[in-house]
Every structure is written in C-alpha cells, then in structure tokens.
Amino acid sequence: LHSPIWEPVRSARTTDGCKMTRRLLFLICAALTASAVVAQEEQAQQAAVADAAPVEPQPEEPQKKEEEPTNPIPLAIGGAAALAALALVLGGGSKKKQPAALLLGPSNAGKTLLFHRLVNNEVEETVASMKSDEGIVDNKLLVDVPGHRRLRNEVTKELTRATKIVFLVDAADATRQAKAAAELLYEIFCCESRPSLLILCNKRDKAGAKTPARVKLTLASEIETLHKTAKTMGSTGDDQQSVAPIDTGGKFFSFESHAPCACTFLAYSAREDKLDAVREFLLK
C-alpha cells in the first residue's frame, strides 16, 4: 500500500472525501436552520395562546372595585354614525317625497275640514292650518297644504310630487279670495307634472255663494292679469319673475282653452255633501 503505485488511488479518495464532507456540512447547516425556524414559530404560537388565555384572579388579594361609568358620548356618536349610514343605504343619500294628491286653496277655503272627512270620516271644527298634514284615502296619499301667503314656499315644494289636486275656493267669499286663488292656480300651471284639478266652489250652502260659472270667470280674470304682468316682467329681463306656460294668442284667458291641465269646476259643501265626487276624482 505504501508503494508509489497506489498514490493516484489515495489522491482520488481524498478529493472525493472533501466533496462529500462539504455536502454533509451543507445539509447539516440547512437542517439546523430549518429546525431553528420551526422552533421560533412554535414559541410564537405558544406566546399567542398564553396571551389569549384568561388570567385567573388572585384569591389572596380580593379587591372590590366599582366599575367606572361608561362615557355615553362615544356610544351616542357611534349610534348616530350607524343610523346615518343605515339611512344613507336605505335612502340612497337623498330624501324624496312620495307622490301624493294635494288639497290646495287660499286660507279658510275649507281644505282641512274636507281633509278630516276624507281621512277620518268625521266633521271637525278647524282653524287655518300652518303646516302640511298627510293621510290615506282609499290607499292613496293625500296632503293638506296650508294656503297662507307666508307659507307659499311649502306649496312650491309639495307641487313637485303632486299627482292630482283638489283645489278649494270659498264660493261665498270668492271676490275677496280670487287674487290669492289665482296666484296659486298660476303656480300650479307652472308645474312640470301638469296634474289635473278638481276645483271645488266650496260653501255653496252659504248665503251669497257664487255659482261655479261665476267663480270660473272671476278666477280667469285674475289669471289674465297675472299673465300679462308676467309677460311684461319677462320682456324687461326680470329673471325673478317666472312666466307660466300659457299661450293665449292675445285672447282673454279661459280655463277651457288655455289652462295647461284639465280643470273641472264643481259646486260643493265640504261639510254637508257626500264625498263620492272627490273620491272618484282621486281614484281616477
């Protein structure tokens, strides 16, 4: 074995042994690294379980400590935020009124009396309303809109959802109410939805009550005056004056020829007459 003949064999064995040793060392290091990583993960899991485990109270040091009162402000803010979010989801971020039939007319024309008869089926002594009231008539939404001049903005808002309009005029005081009634009718004629009107010449049972034909003529005269004024204001460039979509062709205004929506006049008593005619109009 010590002969020079075996020297090449010993050299080859030494070279192969070095290569094998390096490979073994690499595998050992890789195994140790993997074991360390696994150990660290196990320690982290154990620490997490320990932190999550409830801590048992110490029996040797019993303490009775009053609970501090909960601050209601964060709860209230959170509740309000939740309700606002819910309203945003359900309402789509906007509040749109439900379509409805409207009771309109000047103050003291008898709207609220008729409203209570239609909704509650009873006659109530009423005074001039200062806010809108809603009720259901034959599964239809009905809104009693106040007719006071100071609440004209309320009329404008409600007109955006009008499907039909029951318009009341005091036939026993038609001359005095004519201007206020004509202003309301003029605004209705400006409404884009063009709802049909049932114009009740109310209080027909009162002394001096005018006939529907006479009330119609009186209202037409007032509307003609308003229309001419609107045309004059419009020609002078006054943007504050809205011009109703009425084209009389230079003729005197008439409901049959120039009103932009259907208008039916009827002598009526909100206190005494049956409700059939009004109900039929609302259900059409």
# chains A, B, ... in the order shown; residues from 1 in each chain; ligands from 1
>>> residues_around(residues="Gln98 (chain A)", least_positions_apart="3", cutoff="12 Å", atoms="only C-alpha atoms", output="CSV table (one decimal) with N, CA, C and O atoms, in the first residue's frame")
chain,number,residue,atom,x,y,z
A,95,LYS,N,-83.5,62.3,0.3
A,95,LYS,CA,-84.8,62.1,0.8
A,95,LYS,C,-85.8,62.6,-0.3
A,95,LYS,O,-85.9,63.8,-0.5
A,101,ALA,N,-101.7,63.1,-3.8
A,101,ALA,CA,-102.7,64.1,-4.2
A,101,ALA,C,-102.7,65.2,-3.2
A,101,ALA,O,-102.4,65.0,-2.0
A,102,LEU,N,-102.9,66.4,-3.6
A,102,LEU,CA,-102.9,67.6,-2.8
A,102,LEU,C,-104.2,68.3,-2.6
A,102,LEU,O,-105.0,68.3,-3.5
A,134,GLU,N,-100.7,64.9,6.4
A,134,GLU,CA,-100.9,63.7,5.5
A,134,GLU,C,-101.8,62.7,6.0
A,134,GLU,O,-101.9,62.5,7.2
A,140,LYS,N,-104.6,55.9,-1.1
A,140,LYS,CA,-103.9,57.0,-1.8
A,140,LYS,C,-103.4,58.0,-0.8
A,140,LYS,O,-104.2,58.3,0.2
A,141,LEU,N,-102.2,58.5,-0.9
A,141,LEU,CA,-101.7,59.5,0.0
A,141,LEU,C,-102.3,60.9,-0.4
A,141,LEU,O,-102.3,61.3,-1.5
A,142,LEU,N,-102.8,61.5,0.7
A,142,LEU,CA,-103.4,62.9,0.5
A,142,LEU,C,-102.7,63.8,1.4
A,142,LEU,O,-102.5,63.5,2.6
A,143,VAL,N,-102.4,65.0,0.9
A,143,VAL,CA,-101.7,66.0,1.7
A,143,VAL,C,-102.5,67.3,1.7
A,143,VAL,O,-102.9,67.9,0.7
A,158,GLU,N,-94.4,71.1,-2.3
A,158,GLU,CA,-95.4,70.0,-2.4
A,158,GLU,C,-95.8,69.7,-3.9
A,158,GLU,O,-96.1,68.6,-4.2
A,159,LEU,N,-95.8,70.8,-4.7
A,159,LEU,CA,-96.2,70.6,-6.1
A,159,LEU,C,-95.3,69.7,-6.8
A,159,LEU,O,-95.7,69.1,-7.8
A,160,THR,N,-94.0,69.5,-6.4
A,160,THR,CA,-93.1,68.6,-7.1
A,160,THR,C,-93.5,67.2,-7.0
A,160,THR,O,-93.1,66.4,-7.8
A,161,ARG,N,-94.4,66.8,-6.1
A,161,ARG,CA,-94.9,65.4,-6.0
A,161,ARG,C,-96.4,65.2,-6.3
A,161,ARG,O,-96.9,64.2,-6.0
A,162,ALA,N,-97.0,66.3,-6.8
A,162,ALA,CA,-98.5,66.2,-7.0
A,162,ALA,C,-98.9,65.3,-8.1
A,162,ALA,O,-98.3,65.4,-9.2
A,163,THR,N,-99.8,64.4,-7.9
A,163,THR,CA,-100.4,63.6,-8.9
A,163,THR,C,-101.8,64.1,-9.3
A,163,THR,O,-102.1,64.1,-10.5
>>> residues_around(residues="region 174-189 of chain A", least_positions_apart="4", cutoff="7 Å", atoms="only C-alpha atoms", output="count of residues only")
13
>>> select_by_dssp(residues="region 130-233 of chain A", states="strand (DSSP E)", output="PDB file with N, CA and C atoms, in the first residue's frame")
ATOM      1  N   ASP A 133    -100.376  68.384   6.399  1.00  0.00           N
ATOM      2  CA  ASP A 133    -100.826  67.188   7.110  1.00  0.00           C
ATOM      3  C   ASP A 133    -101.073  66.096   6.080  1.00  0.00           C
ATOM      4  N   GLU A 134    -100.728  64.857   6.411  1.00  0.00           N
ATOM      5  CA  GLU A 134    -100.850  63.745   5.476  1.00  0.00           C
ATOM      6  C   GLU A 134    -101.816  62.702   6.001  1.00  0.00           C
ATOM      7  N   GLY A 135    -102.504  62.027   5.088  1.00  0.00           N
ATOM      8  CA  GLY A 135    -103.417  60.960   5.448  1.00  0.00           C
ATOM      9  C   GLY A 135    -103.642  60.044   4.255  1.00  0.00           C
ATOM     10  N   ILE A 136    -104.277  58.910   4.492  1.00  0.00           N
ATOM     11  CA  ILE A 136    -104.532  57.926   3.449  1.00  0.00           C
ATOM     12  C   ILE A 136    -106.027  57.884   3.136  1.00  0.00           C
ATOM     13  N   VAL A 137    -106.339  57.975   1.851  1.00  0.00           N
ATOM     14  CA  VAL A 137    -107.713  57.901   1.376  1.00  0.00           C
ATOM     15  C   VAL A 137    -107.782  56.844   0.275  1.00  0.00           C
ATOM     16  N   LYS A 140    -104.594  55.876  -1.140  1.00  0.00           N
ATOM     17  CA  LYS A 140    -103.892  56.964  -1.808  1.00  0.00           C
ATOM     18  C   LYS A 140    -103.434  57.979  -0.767  1.00  0.00           C
ATOM     19  N   LEU A 141    -102.218  58.490  -0.947  1.00  0.00           N
ATOM     20  CA  LEU A 141    -101.695  59.507  -0.028  1.00  0.00           C
ATOM     21  C   LEU A 141    -102.285  60.870  -0.377  1.00  0.00           C
ATOM     22  N   LEU A 142    -102.827  61.530   0.650  1.00  0.00           N
ATOM     23  CA  LEU A 142    -103.420  62.856   0.485  1.00  0.00           C
ATOM     24  C   LEU A 142    -102.725  63.830   1.429  1.00  0.00           C
ATOM     25  N   VAL A 143    -102.385  65.019   0.915  1.00  0.00           N
ATOM     26  CA  VAL A 143    -101.673  66.027   1.707  1.00  0.00           C
ATOM     27  C   VAL A 143    -102.492  67.311   1.742  1.00  0.00           C
ATOM     28  N   ASP A 144    -102.791  67.758   2.952  1.00  0.00           N
ATOM     29  CA  ASP A 144    -103.466  69.040   3.159  1.00  0.00           C
ATOM     30  C   ASP A 144    -102.393  70.115   3.280  1.00  0.00           C
ATOM     31  N   ALA A 162     -97.009  66.269  -6.787  1.00  0.00           N
ATOM     32  CA  ALA A 162     -98.460  66.241  -6.964  1.00  0.00           C
ATOM     33  C   ALA A 162     -98.857  65.331  -8.119  1.00  0.00           C
ATOM     34  N   THR A 163     -99.799  64.435  -7.863  1.00  0.00           N
ATOM     35  CA  THR A 163    -100.382  63.599  -8.907  1.00  0.00           C
ATOM     36  C   THR A 163    -101.758  64.126  -9.317  1.00  0.00           C
ATOM     37  N   LYS A 164    -102.511  64.624  -8.357  1.00  0.00           N
ATOM     38  CA  LYS A 164    -103.801  65.270  -8.576  1.00  0.00           C
ATOM     39  C   LYS A 164    -103.943  66.390  -7.554  1.00  0.00           C
ATOM     40  N   ILE A 165    -104.803  67.350  -7.876  1.00  0.00           N
ATOM     41  CA  ILE A 165    -105.012  68.469  -6.955  1.00  0.00           C
ATOM     42  C   ILE A 165    -106.499  68.722  -6.802  1.00  0.00           C
ATOM     43  N   VAL A 166    -106.965  68.711  -5.543  1.00  0.00           N
ATOM     44  CA  VAL A 166    -108.310  69.164  -5.212  1.00  0.00           C
ATOM     45  C   VAL A 166    -108.161  70.592  -4.705  1.00  0.00           C
ATOM     46  N   PHE A 167    -108.690  71.534  -5.471  1.00  0.00           N
ATOM     47  CA  PHE A 167    -108.489  72.957  -5.197  1.00  0.00           C
ATOM     48  C   PHE A 167    -109.802  73.539  -4.681  1.00  0.00           C
ATOM     49  N   LEU A 168    -109.759  74.167  -3.488  1.00  0.00           N
ATOM     50  CA  LEU A 168    -110.970  74.714  -2.874  1.00  0.00           C
ATOM     51  C   LEU A 168    -110.957  76.239  -2.890  1.00  0.00           C
ATOM     52  N   VAL A 169    -112.102  76.813  -3.214  1.00  0.00           N
ATOM     53  CA  VAL A 169    -112.324  78.256  -3.150  1.00  0.00           C
ATOM     54  C   VAL A 169    -113.615  78.483  -2.379  1.00  0.00           C
ATOM     55  N   ASP A 170    -113.614  79.475  -1.509  1.00  0.00           N
ATOM     56  CA  ASP A 170    -114.824  79.832  -0.768  1.00  0.00           C
ATOM     57  C   ASP A 170    -115.766  80.579  -1.711  1.00  0.00           C
ATOM     58  N   SER A 196    -103.973  67.133 -12.963  1.00  0.00           N
ATOM     59  CA  SER A 196    -105.357  67.559 -13.212  1.00  0.00           C
ATOM     60  C   SER A 196    -105.947  68.156 -11.944  1.00  0.00           C
ATOM     61  N   LEU A 197    -106.916  69.082 -12.106  1.00  0.00           N
ATOM     62  CA  LEU A 197    -107.502  69.806 -10.978  1.00  0.00           C
ATOM     63  C   LEU A 197    -109.001  69.557 -10.894  1.00  0.00           C
ATOM     64  N   LEU A 198    -109.469  69.359  -9.666  1.00  0.00           N
ATOM     65  CA  LEU A 198    -110.886  69.419  -9.344  1.00  0.00           C
ATOM     66  C   LEU A 198    -111.069  70.666  -8.491  1.00  0.00           C
ATOM     67  N   ILE A 199    -111.684  71.704  -9.062  1.00  0.00           N
ATOM     68  CA  ILE A 199    -111.841  72.984  -8.364  1.00  0.00           C
ATOM     69  C   ILE A 199    -113.222  72.997  -7.716  1.00  0.00           C
ATOM     70  N   LEU A 200    -113.233  72.905  -6.383  1.00  0.00           N
ATOM     71  CA  LEU A 200    -114.475  72.869  -5.612  1.00  0.00           C
ATOM     72  C   LEU A 200    -114.857  74.287  -5.191  1.00  0.00           C
ATOM     73  N   CYS A 201    -116.008  74.745  -5.653  1.00  0.00           N
ATOM     74  CA  CYS A 201    -116.541  76.032  -5.208  1.00  0.00           C
ATOM     75  C   CYS A 201    -117.268  75.762  -3.895  1.00  0.00           C
ATOM     76  N   ASN A 202    -116.504  75.800  -2.819  1.00  0.00           N
ATOM     77  CA  ASN A 202    -116.971  75.322  -1.512  1.00  0.00           C
ATOM     78  C   ASN A 202    -117.933  76.316  -0.848  1.00  0.00           C
TER      79      ASN A 202
END
>>> atom_distance(atom1="CA of Leu118 (chain A)", atom2="CA of Ala267 (chain A)")
17.5 Å
>>> atom_distance(atom1="CA of Leu282 (chain A)", atom2="CA of Thr112 (chain A)")
16.5 Å
>>> atom_distance(atom1="CA of Ala220 (chain A)", atom2="CA of Phe252 (chain A)")
8.3 Å
>>> select_by_dssp(residues="region 142-266 of chain A", states="alpha helix (DSSP H)", output="number ranges by chain")
A: 152-159, 174-189, 212-235, 255-258
>>> closest_residue(among="A:Arg150, A:Arg117, A:Lys251, A:His227", to="Cys190 (chain A)", atoms="only C-alpha atoms")
A:His227
>>> closest_residue(among="A:Tyr268, A:Ala230, A:Gly250, A:Ala262", to="Lys210 (chain A)", atoms="only C-alpha atoms")
A:Tyr268
>>> closest_residue(among="A:Glu192, A:Asp205, A:Asp138, A:Glu256", to="Arg279 (chain A)", atoms="only C-alpha atoms")
A:Asp138
